[in-house]
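Reproduced below: final26.cif, with mmCIF, C-alpha atoms.
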data_data
#
loop_
_atom_site.label_atom_id
_atom_site.label_comp_id
_atom_site.auth_asym_id
_atom_site.auth_seq_id
_atom_site.Cartn_x
_atom_site.Cartn_y
_atom_site.Cartn_z
CA MET Z 1 25.39 -25.41 -7.50
CA SER Z 2 22.12 -25.35 -5.59
CA PRO Z 3 18.82 -26.21 -7.31
CA ASN Z 4 17.64 -22.61 -6.81
CA LEU Z 5 20.74 -21.19 -8.45
CA THR Z 6 20.47 -23.66 -11.31
CA SER Z 7 16.86 -22.67 -11.89
CA ALA Z 8 17.76 -19.00 -11.83
CA THR Z 9 20.53 -19.55 -14.34
CA GLN Z 10 18.20 -21.37 -16.68
CA SER Z 11 15.46 -18.74 -16.40
CA ALA Z 12 17.64 -15.63 -16.62
CA PRO Z 13 17.12 -13.75 -19.86
CA SER Z 14 19.59 -13.91 -22.66
CA ALA Z 15 19.52 -10.10 -22.60
CA ALA Z 16 21.55 -10.19 -19.41
CA THR Z 17 24.56 -11.17 -21.46
CA SER Z 18 23.87 -8.95 -24.46
CA GLU Z 19 23.60 -5.26 -25.23
CA ARG Z 20 19.85 -5.32 -25.86
CA LEU Z 21 17.10 -4.44 -23.44
CA PRO Z 22 14.66 -7.25 -22.50
CA TRP Z 23 11.64 -5.17 -23.44
CA ALA Z 24 8.97 -7.73 -22.56
CA GLY Z 25 10.15 -8.08 -18.98
CA LEU Z 26 10.84 -4.40 -18.42
CA LEU Z 27 7.48 -3.36 -19.83
CA ALA Z 28 5.79 -5.87 -17.52
CA LEU Z 29 7.39 -4.00 -14.60
CA ALA Z 30 6.24 -0.72 -16.15
CA MET Z 31 2.70 -2.11 -16.40
CA ALA Z 32 2.85 -3.10 -12.73
CA GLY Z 33 3.84 0.47 -11.87
CA PHE Z 34 1.02 1.80 -14.07
CA ILE Z 35 -1.55 -0.31 -12.17
CA CYS Z 36 0.00 0.71 -8.86
CA ILE Z 37 -0.21 4.46 -9.56
CA LEU Z 38 -3.72 4.23 -11.00
CA THR Z 39 -4.89 2.23 -7.99
CA GLU Z 40 -3.46 4.91 -5.70
CA THR Z 41 -4.68 8.04 -7.48
CA LEU Z 42 -8.01 7.16 -9.14
CA PRO Z 43 -10.16 7.83 -6.04
CA ALA Z 44 -8.97 11.44 -5.97
CA GLY Z 45 -10.79 12.17 -9.23
CA LEU Z 46 -13.92 10.22 -8.29
CA LEU Z 47 -14.59 11.29 -4.70
CA PRO Z 48 -18.17 12.49 -5.28
CA GLN Z 49 -19.15 9.22 -6.99
CA ILE Z 50 -17.34 7.04 -4.44
CA GLY Z 51 -18.81 8.98 -1.51
CA GLU Z 52 -22.32 8.56 -2.91
CA GLY Z 53 -21.75 4.86 -3.59
CA LEU Z 54 -20.50 4.16 -0.07
CA GLY Z 55 -22.84 6.59 1.69
CA VAL Z 56 -20.12 8.88 3.06
CA SER Z 57 -19.01 12.46 2.49
CA GLU Z 58 -16.30 13.39 -0.01
CA ALA Z 59 -13.90 14.17 2.84
CA ILE Z 60 -14.44 10.73 4.34
CA ALA Z 61 -14.12 9.11 0.90
CA GLY Z 62 -10.78 10.91 0.54
CA GLN Z 63 -9.39 8.69 3.29
CA LEU Z 64 -9.28 5.89 0.71
CA VAL Z 65 -6.22 7.69 -0.69
CA THR Z 66 -4.79 8.21 2.80
CA LEU Z 67 -5.10 4.54 3.77
CA TYR Z 68 -3.41 3.43 0.56
CA ALA Z 69 -0.46 5.75 1.26
CA ALA Z 70 -0.32 4.53 4.87
CA GLY Z 71 -0.11 0.92 3.70
CA SER Z 72 2.80 1.74 1.39
CA LEU Z 73 4.58 3.77 4.03
CA LEU Z 74 4.26 1.17 6.79
CA ALA Z 75 5.01 -1.88 4.64
CA ALA Z 76 7.89 -0.80 2.42
CA ILE Z 77 10.85 -1.27 4.78
CA PRO Z 78 9.72 -4.19 7.02
CA LEU Z 79 8.21 -6.32 4.26
CA THR Z 80 11.01 -5.66 1.76
CA THR Z 81 13.50 -6.61 4.46
CA ALA Z 82 11.52 -9.72 5.39
CA THR Z 83 11.16 -10.91 1.77
CA ARG Z 84 14.63 -10.16 0.40
CA GLY Z 85 15.45 -13.87 0.46
CA TRP Z 86 12.39 -14.73 -1.67
CA ARG Z 87 12.65 -15.48 -5.36
CA ARG Z 88 11.80 -12.37 -7.36
CA ARG Z 89 9.09 -13.55 -9.77
CA PRO Z 90 6.86 -15.21 -7.15
CA LEU Z 91 7.12 -12.05 -5.02
CA LEU Z 92 6.20 -9.88 -8.01
CA LEU Z 93 3.24 -12.13 -8.80
CA LEU Z 94 2.09 -11.93 -5.17
CA CYS Z 95 2.07 -8.12 -5.37
CA ILE Z 96 0.10 -8.14 -8.64
CA ILE Z 97 -2.38 -10.66 -7.26
CA GLY Z 98 -2.74 -8.30 -4.29
CA PHE Z 99 -3.87 -5.55 -6.67
CA LEU Z 100 -6.23 -8.01 -8.36
CA LEU Z 101 -7.81 -9.08 -5.09
CA PHE Z 102 -8.03 -5.70 -3.35
CA ASN Z 103 -9.24 -3.77 -6.40
CA SER Z 104 -11.90 -6.44 -6.86
CA VAL Z 105 -12.99 -5.97 -3.25
CA THR Z 106 -13.11 -2.20 -3.82
CA ALA Z 107 -15.22 -2.69 -6.94
CA LEU Z 108 -17.73 -4.96 -5.17
CA SER Z 109 -17.81 -3.69 -1.59
CA THR Z 110 -20.74 -1.68 -0.25
CA SER Z 111 -19.05 -1.29 3.15
CA TYR Z 112 -16.87 1.73 3.73
CA THR Z 113 -14.87 -0.09 6.41
CA LEU Z 114 -14.18 -3.09 4.17
CA THR Z 115 -13.16 -0.74 1.35
CA LEU Z 116 -10.74 1.04 3.68
CA VAL Z 117 -9.14 -2.28 4.61
CA ALA Z 118 -8.84 -3.23 0.92
CA ARG Z 119 -7.21 0.11 0.15
CA PHE Z 120 -4.72 -0.27 3.00
CA LEU Z 121 -3.75 -3.77 1.82
CA ALA Z 122 -3.44 -2.54 -1.77
CA GLY Z 123 -1.01 0.03 -0.42
CA VAL Z 124 0.95 -2.76 1.27
CA SER Z 125 1.26 -4.49 -2.12
CA ALA Z 126 2.48 -1.22 -3.60
CA GLY Z 127 5.11 -0.75 -0.89
CA VAL Z 128 6.64 -4.15 -1.63
CA LEU Z 129 6.38 -3.65 -5.40
CA TRP Z 130 8.20 -0.31 -5.38
CA GLY Z 131 10.86 -1.75 -3.09
CA MET Z 132 11.78 -4.45 -5.63
CA THR Z 133 11.12 -2.87 -9.06
CA ALA Z 134 14.44 -1.10 -9.64
CA GLY Z 135 16.52 -4.02 -8.38
CA TYR Z 136 14.56 -6.47 -10.54
CA ALA Z 137 15.04 -4.32 -13.64
CA ARG Z 138 18.78 -3.94 -13.01
CA ARG Z 139 19.27 -7.70 -12.67
CA MET Z 140 17.79 -8.26 -16.14
CA VAL Z 141 20.51 -6.38 -18.03
CA PRO Z 142 24.30 -5.97 -18.24
CA ASP Z 143 25.97 -3.17 -16.28
CA VAL Z 144 26.04 -0.69 -19.17
CA LEU Z 145 22.24 -0.78 -19.46
CA LYS Z 146 21.18 -0.75 -15.82
CA GLY Z 147 20.10 2.90 -15.72
CA ARG Z 148 18.19 2.61 -18.98
CA ALA Z 149 16.46 -0.55 -17.73
CA VAL Z 150 15.23 1.30 -14.63
CA ALA Z 151 13.97 4.14 -16.85
CA VAL Z 152 11.89 1.71 -18.92
CA ALA Z 153 10.57 -0.04 -15.81
CA MET Z 154 9.52 3.33 -14.35
CA VAL Z 155 7.75 4.68 -17.44
CA GLY Z 156 4.38 3.42 -16.20
CA THR Z 157 4.33 6.09 -13.49
CA PRO Z 158 4.28 9.25 -15.66
CA LEU Z 159 2.03 7.51 -18.19
CA ALA Z 160 -0.46 6.72 -15.43
CA LEU Z 161 -0.40 10.29 -14.16
CA ALA Z 162 -0.48 11.94 -17.60
CA LEU Z 163 -2.97 9.68 -19.35
CA GLY Z 164 -4.37 7.00 -17.07
CA VAL Z 165 -5.75 9.19 -14.30
CA PRO Z 166 -7.59 11.64 -16.60
CA ALA Z 167 -8.96 8.77 -18.70
CA GLY Z 168 -9.95 6.78 -15.62
CA THR Z 169 -11.69 9.78 -14.09
CA PHE Z 170 -13.60 10.45 -17.32
CA LEU Z 171 -14.67 6.81 -17.65
CA GLY Z 172 -15.51 6.62 -13.95
CA VAL Z 173 -17.98 9.46 -14.32
CA LEU Z 174 -19.33 7.90 -17.53
CA VAL Z 175 -19.72 4.24 -16.54
CA GLY Z 176 -19.33 4.30 -12.75
CA TRP Z 177 -16.37 4.17 -10.39
CA ARG Z 178 -16.84 0.49 -9.58
CA SER Z 179 -16.39 -0.39 -13.26
CA ILE Z 180 -13.01 1.35 -13.28
CA PHE Z 181 -11.73 -0.71 -10.36
CA ALA Z 182 -13.05 -3.83 -12.09
CA ILE Z 183 -11.07 -2.85 -15.19
CA MET Z 184 -7.99 -2.47 -12.97
CA SER Z 185 -8.53 -6.03 -11.74
CA LEU Z 186 -8.77 -7.24 -15.34
CA LEU Z 187 -5.47 -5.51 -16.14
CA ALA Z 188 -3.92 -7.32 -13.17
CA VAL Z 189 -5.14 -10.68 -14.54
CA LEU Z 190 -3.54 -9.92 -17.90
CA LEU Z 191 -0.33 -8.85 -16.19
CA VAL Z 192 -0.14 -12.10 -14.20
CA ALA Z 193 -0.27 -14.02 -17.50
CA TRP Z 194 2.34 -11.69 -19.00
CA VAL Z 195 4.72 -12.16 -16.05
CA LEU Z 196 4.36 -15.95 -16.14
CA TRP Z 197 5.03 -15.93 -19.87
CA LYS Z 198 7.83 -13.42 -20.26
CA MET Z 199 9.44 -12.46 -16.93
CA PRO Z 200 12.72 -14.07 -15.88
CA ASP Z 201 13.11 -15.27 -12.33
CA PHE Z 202 16.01 -14.57 -10.00
CA PRO Z 203 16.92 -15.88 -6.56
CA GLY Z 204 16.55 -13.70 -3.52
CA GLN Z 205 19.50 -12.36 -1.60
CA ALA Z 206 21.65 -14.98 0.08
CA ALA Z 207 21.46 -14.93 3.87
CA ALA Z 208 25.19 -14.26 4.15
CA LYS Z 209 24.82 -11.02 2.18
CA ARG Z 210 21.83 -9.59 4.09
CA LEU Z 211 23.03 -6.57 6.03
CA PRO Z 212 21.00 -5.44 9.04
CA LEU Z 213 18.83 -2.40 8.38
CA ARG Z 214 21.01 -0.15 10.52
CA LYS Z 215 24.06 -1.03 8.44
CA VAL Z 216 22.30 -0.42 5.13
CA ILE Z 217 21.39 3.13 6.06
CA ILE Z 218 25.00 4.01 6.96
CA LEU Z 219 26.42 2.70 3.69
CA PRO Z 220 28.34 5.55 1.99
CA GLY Z 221 26.00 7.58 -0.18
CA VAL Z 222 22.67 6.23 1.05
CA ARG Z 223 21.85 9.06 3.46
CA PRO Z 224 22.69 11.90 1.03
CA ILE Z 225 20.43 10.28 -1.57
CA LEU Z 226 17.59 9.94 0.93
CA PHE Z 227 17.96 13.63 1.81
CA VAL Z 228 17.74 14.57 -1.87
CA VAL Z 229 14.64 12.37 -2.19
CA LEU Z 230 12.98 14.20 0.68
CA ALA Z 231 13.90 17.68 -0.56
CA TRP Z 232 13.09 17.05 -4.24
CA VAL Z 233 9.80 15.22 -3.72
CA LEU Z 234 8.73 17.61 -0.95
CA SER Z 235 9.29 20.61 -3.20
CA HIS Z 236 7.35 18.94 -6.01
CA ASN Z 237 4.39 17.99 -3.84
CA ILE Z 238 3.99 21.38 -2.17
CA LEU Z 239 3.20 22.79 -5.62
CA TYR Z 240 1.51 19.72 -7.15
CA THR Z 241 -0.88 19.19 -4.23
CA TYR Z 242 -2.01 22.82 -4.23
CA ILE Z 243 -1.74 23.55 -7.93
CA ALA Z 244 -5.43 24.52 -8.09
CA PRO Z 245 -5.23 27.44 -5.60
CA TYR Z 246 -1.88 28.51 -7.06
CA LEU Z 247 -3.33 28.70 -10.56
CA ALA Z 248 -6.47 30.40 -9.28
CA GLN Z 249 -4.50 33.37 -7.89
CA ALA Z 250 -2.91 33.74 -11.33
CA GLY Z 251 -6.29 33.79 -13.06
CA LEU Z 252 -5.89 30.25 -14.40
CA GLY Z 253 -8.31 28.45 -12.08
CA GLY Z 254 -10.17 26.96 -15.03
CA ARG Z 255 -6.99 25.57 -16.60
CA VAL Z 256 -5.94 23.07 -13.91
CA ASP Z 257 -6.67 20.04 -16.11
CA MET Z 258 -4.69 21.52 -19.01
CA MET Z 259 -1.73 22.37 -16.79
CA LEU Z 260 -1.66 18.86 -15.32
CA LEU Z 261 -1.81 17.39 -18.82
CA ILE Z 262 1.11 19.59 -19.94
CA PHE Z 263 3.01 18.58 -16.81
CA GLY Z 264 2.29 14.89 -17.42
CA ILE Z 265 3.37 14.94 -21.07
CA ALA Z 266 6.56 16.81 -20.14
CA SER Z 267 7.21 14.20 -17.42
CA VAL Z 268 7.00 11.38 -19.98
CA ILE Z 269 9.49 13.23 -22.18
CA GLY Z 270 11.68 13.76 -19.12
CA ILE Z 271 11.84 10.07 -18.29
CA TRP Z 272 12.56 9.27 -21.96
CA LEU Z 273 15.49 11.71 -22.00
CA THR Z 274 16.69 10.30 -18.69
CA GLY Z 275 16.65 6.79 -20.16
CA LEU Z 276 18.77 7.95 -23.09
CA TRP Z 277 21.52 9.54 -21.01
CA ILE Z 278 21.43 8.07 -17.51
CA ASP Z 279 24.09 5.43 -18.15
CA ARG Z 280 26.54 8.11 -19.32
CA MET Z 281 25.80 11.18 -17.20
CA GLN Z 282 23.73 10.26 -14.14
CA ARG Z 283 25.21 12.85 -11.76
CA LEU Z 284 24.96 15.65 -14.35
CA LEU Z 285 21.31 14.76 -15.06
CA VAL Z 286 20.48 15.01 -11.35
CA MET Z 287 22.11 18.43 -11.12
CA ILE Z 288 20.52 19.71 -14.35
CA SER Z 289 17.08 18.53 -13.21
CA LEU Z 290 17.37 20.13 -9.77
CA ALA Z 291 18.80 23.34 -11.22
CA ALA Z 292 16.05 23.56 -13.88
CA PHE Z 293 13.36 23.07 -11.23
CA ALA Z 294 15.06 25.69 -9.01
CA VAL Z 295 15.19 28.23 -11.85
CA ALA Z 296 11.54 27.50 -12.66
CA SER Z 297 10.64 28.09 -9.00
CA LEU Z 298 12.60 31.35 -9.01
CA LEU Z 299 10.70 32.54 -12.07
CA LEU Z 300 7.40 31.76 -10.34
CA GLY Z 301 8.58 33.69 -7.29
CA ILE Z 302 9.42 36.72 -9.39
CA SER Z 303 6.22 36.63 -11.44
CA SER Z 304 2.99 34.65 -11.45
CA GLN Z 305 1.82 35.97 -14.80
CA PRO Z 306 0.07 33.33 -16.98
CA ALA Z 307 2.83 33.50 -19.62
CA VAL Z 308 5.44 32.60 -16.97
CA ILE Z 309 3.34 29.72 -15.67
CA TYR Z 310 2.87 28.33 -19.17
CA LEU Z 311 6.66 28.40 -19.55
CA VAL Z 312 7.43 26.94 -16.13
CA VAL Z 313 5.01 23.98 -16.06
CA PRO Z 314 6.67 22.01 -18.91
CA VAL Z 315 10.12 22.74 -17.43
CA TRP Z 316 8.86 21.45 -14.09
CA GLY Z 317 7.56 18.28 -15.78
CA LEU Z 318 10.80 17.71 -17.69
CA ALA Z 319 12.85 18.23 -14.53
CA PHE Z 320 10.76 15.96 -12.31
CA GLY Z 321 9.93 13.25 -14.86
CA GLY Z 322 13.22 11.41 -14.45
CA ALA Z 323 13.52 11.94 -10.68
CA ALA Z 324 12.40 8.44 -9.66
CA THR Z 325 14.71 6.76 -12.18
CA LEU Z 326 17.72 8.90 -11.26
CA LEU Z 327 17.27 8.49 -7.51
CA GLN Z 328 16.48 4.77 -7.62
CA THR Z 329 19.53 4.16 -9.80
CA ALA Z 330 21.72 6.21 -7.47
CA ILE Z 331 20.61 4.42 -4.32
CA ALA Z 332 20.86 0.98 -5.97
CA GLU Z 333 24.47 1.68 -6.91
CA ALA Z 334 25.28 3.06 -3.47
CA ALA Z 335 23.73 0.07 -1.66
CA GLY Z 336 25.06 -2.69 -3.92
CA ASP Z 337 23.83 -6.10 -2.71
CA SER Z 338 21.45 -4.36 -0.29
CA ALA Z 339 19.73 -2.43 -3.09
CA ASP Z 340 16.21 -3.74 -2.40
CA VAL Z 341 16.30 -2.68 1.24
CA ALA Z 342 17.73 0.72 0.26
CA GLN Z 343 14.95 1.03 -2.33
CA SER Z 344 12.38 0.42 0.41
CA MET Z 345 13.95 3.29 2.37
CA LEU Z 346 13.61 5.45 -0.73
CA VAL Z 347 9.93 4.45 -1.03
CA THR Z 348 9.39 5.40 2.62
CA ALA Z 349 11.18 8.75 2.19
CA TRP Z 350 9.18 9.42 -0.98
CA ASN Z 351 5.85 8.78 0.76
CA LEU Z 352 6.90 10.87 3.76
CA ALA Z 353 7.70 13.71 1.40
CA ILE Z 354 4.29 13.37 -0.27
CA GLY Z 355 2.55 13.58 3.10
CA ALA Z 356 4.77 16.42 4.28
CA GLY Z 357 4.11 18.28 1.03
CA GLY Z 358 0.40 18.28 1.79
CA LEU Z 359 0.95 19.38 5.39
CA ILE Z 360 3.59 22.07 4.77
CA GLY Z 361 1.71 23.33 1.73
CA ALA Z 362 -1.42 23.71 3.83
CA VAL Z 363 0.47 25.70 6.49
CA LEU Z 364 2.02 27.97 3.85
CA LEU Z 365 -1.34 28.40 2.15
CA GLU Z 366 -3.07 29.45 5.36
CA THR Z 367 -0.29 31.67 6.70
CA LEU Z 368 1.77 33.21 3.87
CA GLY Z 369 -0.41 32.42 0.85
CA VAL Z 370 0.36 30.62 -2.40
CA ARG Z 371 2.95 33.22 -3.44
CA SER Z 372 5.23 31.70 -0.78
CA PHE Z 373 5.31 28.32 -2.55
CA PRO Z 374 8.01 29.17 -5.13
CA TRP Z 375 10.41 30.45 -2.46
CA ALA Z 376 9.94 27.32 -0.33
CA LEU Z 377 10.62 25.19 -3.42
CA PHE Z 378 13.67 27.25 -4.36
CA THR Z 379 15.18 26.83 -0.88
CA LEU Z 380 14.62 23.07 -0.78
CA LEU Z 381 16.07 22.58 -4.27
CA LEU Z 382 19.17 24.62 -3.49
CA LEU Z 383 19.75 22.43 -0.42
CA ALA Z 384 19.36 19.31 -2.59
CA LEU Z 385 21.82 20.69 -5.14
CA LEU Z 386 24.34 21.37 -2.38
CA VAL Z 387 24.05 17.80 -1.08
CA VAL Z 388 24.49 16.37 -4.58
CA TRP Z 389 27.57 18.52 -5.07
CA ARG Z 390 29.09 17.42 -1.77
CA ALA Z 391 28.26 13.73 -2.39
CA LYS Z 392 30.59 13.50 -5.38
CA GLU Z 393 32.51 10.58 -3.89
CA HIS Z 394 29.50 8.50 -2.77
CA GLY Z 395 25.84 8.73 -3.70
CA PHE Z 396 26.27 10.96 -6.76
CA PRO Z 397 29.80 10.21 -7.98
CA TYR Z 398 31.32 11.70 -11.14
CA ALA Z 399 31.79 8.17 -12.50
CA SER Z 400 29.31 5.41 -11.81
CA SER Z 401 30.27 1.89 -10.81
CA ARG Z 402 29.26 0.77 -14.28
CA GLU Z 403 32.01 2.76 -15.96
#

Can the structure in the file be given as structure tokens, please?
Amino acid sequence: MSPNLTSATQSAPSAATSERLPWAGLLALAMAGFICILTETLPAGLLPQIGEGLGVSEAIAGQLVTLYAAGSLLAAIPLTTATRGWRRRPLLLLCIIGFLLFNSVTALSTSYTLTLVARFLAGVSAGVLWGMTAGYARRMVPDVLKGRAVAVAMVGTPLALALGVPAGTFLGVLVGWRSIFAIMSLLAVLLVAWVLWKMPDFPGQAAAKRLPLRKVIILPGVRPILFVVLAWVLSHNILYTYIAPYLAQAGLGGRVDMMLLIFGIASVIGIWLTGLWIDRMQRLLVMISLAAFAVASLLLGISSQPAVIYLVVPVWGLAFGGAATLLQTAIAEAAGDSADVAQSMLVTAWNLAIGAGGLIGAVLLETLGVRSFPWALFTLLLLALLVVWRAKEHGFPYASSRE
């Protein structure tokens, strides 16, 4: 036995051989995701303050979000592939320290160019983090708990969107946007200590098991899952990105914050329900979620009355809340030993869908108007449902490999 393998055996959690979740380790991953999402999305709510602080317009300040997304998109596949032989805890710590360093630079910088560079590099940290999170969580537990472990590790995302972003925006206006990024750096310091104290370590992937990228993408099931990622996330982001103009045409322009809060709370409930049932009915959950979102879109297409929107928004949140957990679990099972590289492909597809949602939504908005959104969503979701149905042997099987 090699020294590395011996060390990994000694540091692996006892939970890996029991039926209990290693909460401390999984919640550390959730906290990392919470910091990641807050780092990405906070500037969107503070553009006037950031623009004034850096001496640029709000539109130019908005590129801080764009550069972060670009860093994640460009880094996810190549860096995850390059680091798959690294031990897991040091790589996780490096990502968290990246957030500490680059959020600190953002908090202190008076140069727009330097801030852009910091945001891009923070996005690089995020790309690597998302590529390893699901695989790390799954290695901490026995087979029967792998889906639930991913659900716990992913809970930081909806919590950040539902609670962290509104709170951060409020505090940013109150005490200044630089203070919020400084608080994010402090959270990263605390998380580093938490990871060193409670997180197990695991070896990276052995060289003999590292498939080339081109072979990972042709593994049975990987491509159908990536298509569902694109269709599902694209449909979500067309509506989410342009929720303000959509609500405005329904006479709810002053209720955007309330609708996003309802969506966020429903998303948290959705990921909780996913965690309860994913290890028993993963395929059915995917189909129920897509079908519920499709029905919600159909209702919006038929009527944009306020009562319908108040009904649809929580259904939308419930349906989308567990999407990341369901899709990451599916692609991890399809890819097997190459799960981390497949996860990086999922991260790339997810970010492409986010960008495409903004672009396609803008085209629809300018040409057909917001009333076209529900029909675009309905079409995409039906296509995703069809792919899930056809991928019943690989990608979204009736029985998972854990059964």

Checklist entry - Could you name the residues that touch segment 261-278 of chain Z at 7 Å or less, counting only C-alpha atoms, but leaving out those on the same chain fewer than 4 positions away, as an MDAnalysis selection string? => result chainID Z and resid 147:148 151 155 158:159 161:162 257 282 313:314 317:322

Those residues with C-alpha atoms, as a PDB file, in the coordinates of the input please?
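New file part.pdb:
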ATOM      1  CA  GLY Z 147      20.100   2.900 -15.720  1.00  0.00           C
ATOM      2  CA  ARG Z 148      18.190   2.610 -18.980  1.00  0.00           C
ATOM      3  CA  ALA Z 151      13.970   4.140 -16.850  1.00  0.00           C
ATOM      4  CA  VAL Z 155       7.750   4.680 -17.440  1.00  0.00           C
ATOM      5  CA  PRO Z 158       4.280   9.250 -15.660  1.00  0.00           C
ATOM      6  CA  LEU Z 159       2.030   7.510 -18.190  1.00  0.00           C
ATOM      7  CA  LEU Z 161      -0.400  10.290 -14.160  1.00  0.00           C
ATOM      8  CA  ALA Z 162      -0.480  11.940 -17.600  1.00  0.00           C
ATOM      9  CA  ASP Z 257      -6.670  20.040 -16.110  1.00  0.00           C
ATOM     10  CA  GLN Z 282      23.730  10.260 -14.140  1.00  0.00           C
ATOM     11  CA  VAL Z 313       5.010  23.980 -16.060  1.00  0.00           C
ATOM     12  CA  PRO Z 314       6.670  22.010 -18.910  1.00  0.00           C
ATOM     13  CA  GLY Z 317       7.560  18.280 -15.780  1.00  0.00           C
ATOM     14  CA  LEU Z 318      10.800  17.710 -17.690  1.00  0.00           C
ATOM     15  CA  ALA Z 319      12.850  18.230 -14.530  1.00  0.00           C
ATOM     16  CA  PHE Z 320      10.760  15.960 -12.310  1.00  0.00           C
ATOM     17  CA  GLY Z 321       9.930  13.250 -14.860  1.00  0.00           C
ATOM     18  CA  GLY Z 322      13.220  11.410 -14.450  1.00  0.00           C
TER      19      GLY Z 322
END

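Of note, atom CA of Leu382 of chain Z and atom CA of Trp316 of chain Z are spaced 15.1 Å apart.
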
Item to check | Ground truth for the PyMOL selection byres ((chain Z and resi 45) around 9), written as a list in words | outcome: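 Output of the PyMOL selection byres ((chain Z and resi 45) around 9): Thr41, Leu42, Pro43, Ala44, Leu46, Leu47, Pro48, Val165, Pro166, Gly168, Thr169, Phe170 and Gly172 of chain Z.
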
For the residues in the current selection, export C-alpha atoms as a compact mmCIF listing (two decimals), in the coordinates of the input.
# COMPACT_ATOMS: atom_id res chain seq x y z
CA THR Z 41 -4.68 8.04 -7.48
CA LEU Z 42 -8.01 7.16 -9.14
CA PRO Z 43 -10.16 7.83 -6.04
CA ALA Z 44 -8.97 11.44 -5.97
CA LEU Z 46 -13.92 10.22 -8.29
CA LEU Z 47 -14.59 11.29 -4.70
CA PRO Z 48 -18.17 12.49 -5.28
CA VAL Z 165 -5.75 9.19 -14.30
CA PRO Z 166 -7.59 11.64 -16.60
CA GLY Z 168 -9.95 6.78 -15.62
CA THR Z 169 -11.69 9.78 -14.09
CA PHE Z 170 -13.60 10.45 -17.32
CA GLY Z 172 -15.51 6.62 -13.95

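Applied to the shown file, the PyMOL selection byres ((chain Z and resi 109-112) around 10) selects the residues Ile50, Gly51, Gly53, Leu54, Gly55, Val56, Ile60, Ala61, Leu64, Asn103, Ser104, Val105, Thr106, Ala107, Leu108, Thr113, Leu114, Thr115, Leu116, Val117, Ala118 and Arg178 of chain Z.
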
Item to check | Residue members of the PyMOL selection byres ((chain Z and resi 227-232) around 8) in the file shown, as an MDAnalysis selection string | outcome: chainID Z and resid 223:226 233:236 290 327 346 349:350 352:353 380:381 383:384 387:388

Item to check | Residue among Z:Pro203, Z:Gly33, Z:Pro397, Z:Gly156 lying closest to Pro220 of chain Z, counting all atoms listed in the file | outcome: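 Residue with the minimum atom-to-atom distance to Pro220 of chain Z: Z:Pro397.
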
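In this structure, atom CA of Thr241 of chain Z sits 22.9 Å away from atom CA of Leu171 of chain Z.
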
Checklist outcome for this item: Restricting to only C-alpha atoms, whichever of Z:Ser125, Z:Thr367, Z:Gln49, Z:Gln205 is closest to Ile96 of chain Z is Z:Ser125

Enclose all atoms of segment 253-263 of chain Z listed in the file in an axis-aligned box, grow every side by 3 Å, and hand back centre and edge lengths in Å to one decimal, as AutoDock Vina command-line options.
--center_x -3.6 --center_y 22.9 --center_z -16.0 --size_x 19.2 --size_y 17.1 --size_z 13.9

Next on the checklist: Taking only C-alpha atoms into account, name the residue in Z:Ala134, Z:Ile354, Z:Leu365, Z:Ala376 that is nearest to Val65 of chain Z.
Outcome noted: Z:Ile354

Item to check | Shell of 12 Å around Ala82 of chain Z, all atoms listed in the file, local chain residues under 2 positions omitted, as a list in words | outcome: Ala75, Ala76, Ile77, Pro78, Leu79, Thr80, Arg84, Gly85, Trp86, Leu91, Val128, Gly131, Gly204, Gln205, Ala207, Arg210, Leu211, Pro212, Leu213, Asp340, Val341 and Ser344 of chain Z

Checklist entry - For the atom pair atom CA of Phe181 of chain Z and atom CA of Leu38 of chain Z, what is the interatomic distance in Å to one decimal place? => result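 Spanning atom CA of Phe181 of chain Z to atom CA of Leu38 of chain Z is a straight-line distance of 9.4 Å.
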
Next on the checklist: Could you check the closest approach to Gly98 of chain Z for each of Z:Met184, Z:Ala153, Z:Ala160, Z:Leu368 and tell me which residue wins, using all atoms listed in the file?
Outcome noted: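 Counting all atoms listed in the file, the residue closest to Gly98 of chain Z is Z:Met184.
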
Which residues of segment 325-394 of chain Z come within 12 Å of segment 138-142 of chain Z, and what is each one's closest atom pair and distance in Å (one decimal), counting all atoms listed in the file, sorted by chain and residue number, as a Markdown table?
| residue | atom | partner | partner_atom | distance |
| --- | --- | --- | --- | --- |
| Z:Thr325 | CA | Z:Arg138 | CA | 11.5 |
| Z:Gln328 | CA | Z:Arg138 | CA | 10.5 |
| Z:Thr329 | CA | Z:Arg138 | CA | 8.7 |
| Z:Ala330 | CA | Z:Arg138 | CA | 11.9 |
| Z:Ala332 | CA | Z:Arg138 | CA | 8.8 |
| Z:Glu333 | CA | Z:Arg138 | CA | 10.1 |
| Z:Gly336 | CA | Z:Arg138 | CA | 11.1 |
| Z:Asp337 | CA | Z:Arg139 | CA | 11.1 |
| Z:Ala339 | CA | Z:Arg138 | CA | 10.1 |
| Z:Asp340 | CA | Z:Arg138 | CA | 10.9 |

Item to check | Nearest to Ala296 of chain Z by atom-to-atom distance, counting only C-alpha atoms, from Z:Gly251, Z:Val256, Z:Trp375, Z:Asn237 | outcome: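 Ranked by minimum distance to Ala296 of chain Z, first place goes to Z:Trp375.
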
Checklist entry - Of the candidates Z:Ile309, Z:Ser303, Z:Ile238, Z:Ser297, which one gets nearest to Met259 of chain Z if we count only C-alpha atoms? => result Z:Ile309

Item to check | Cys95 of chain Z surroundings by all atoms listed in the file, 10 Å radius, close-in-sequence under 3 positions cut, as a list of chain:residue names | outcome: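 Those residues are Z:Ala32, Z:Cys36, Z:Arg89, Z:Pro90, Z:Leu91, Z:Leu92, Z:Gly98, Z:Phe99, Z:Leu100, Z:Leu101, Z:Ala122, Z:Val124, Z:Ser125, Z:Ala126, Z:Gly127, Z:Val128, Z:Leu129, Z:Trp130, Z:Ala188, Z:Val192.
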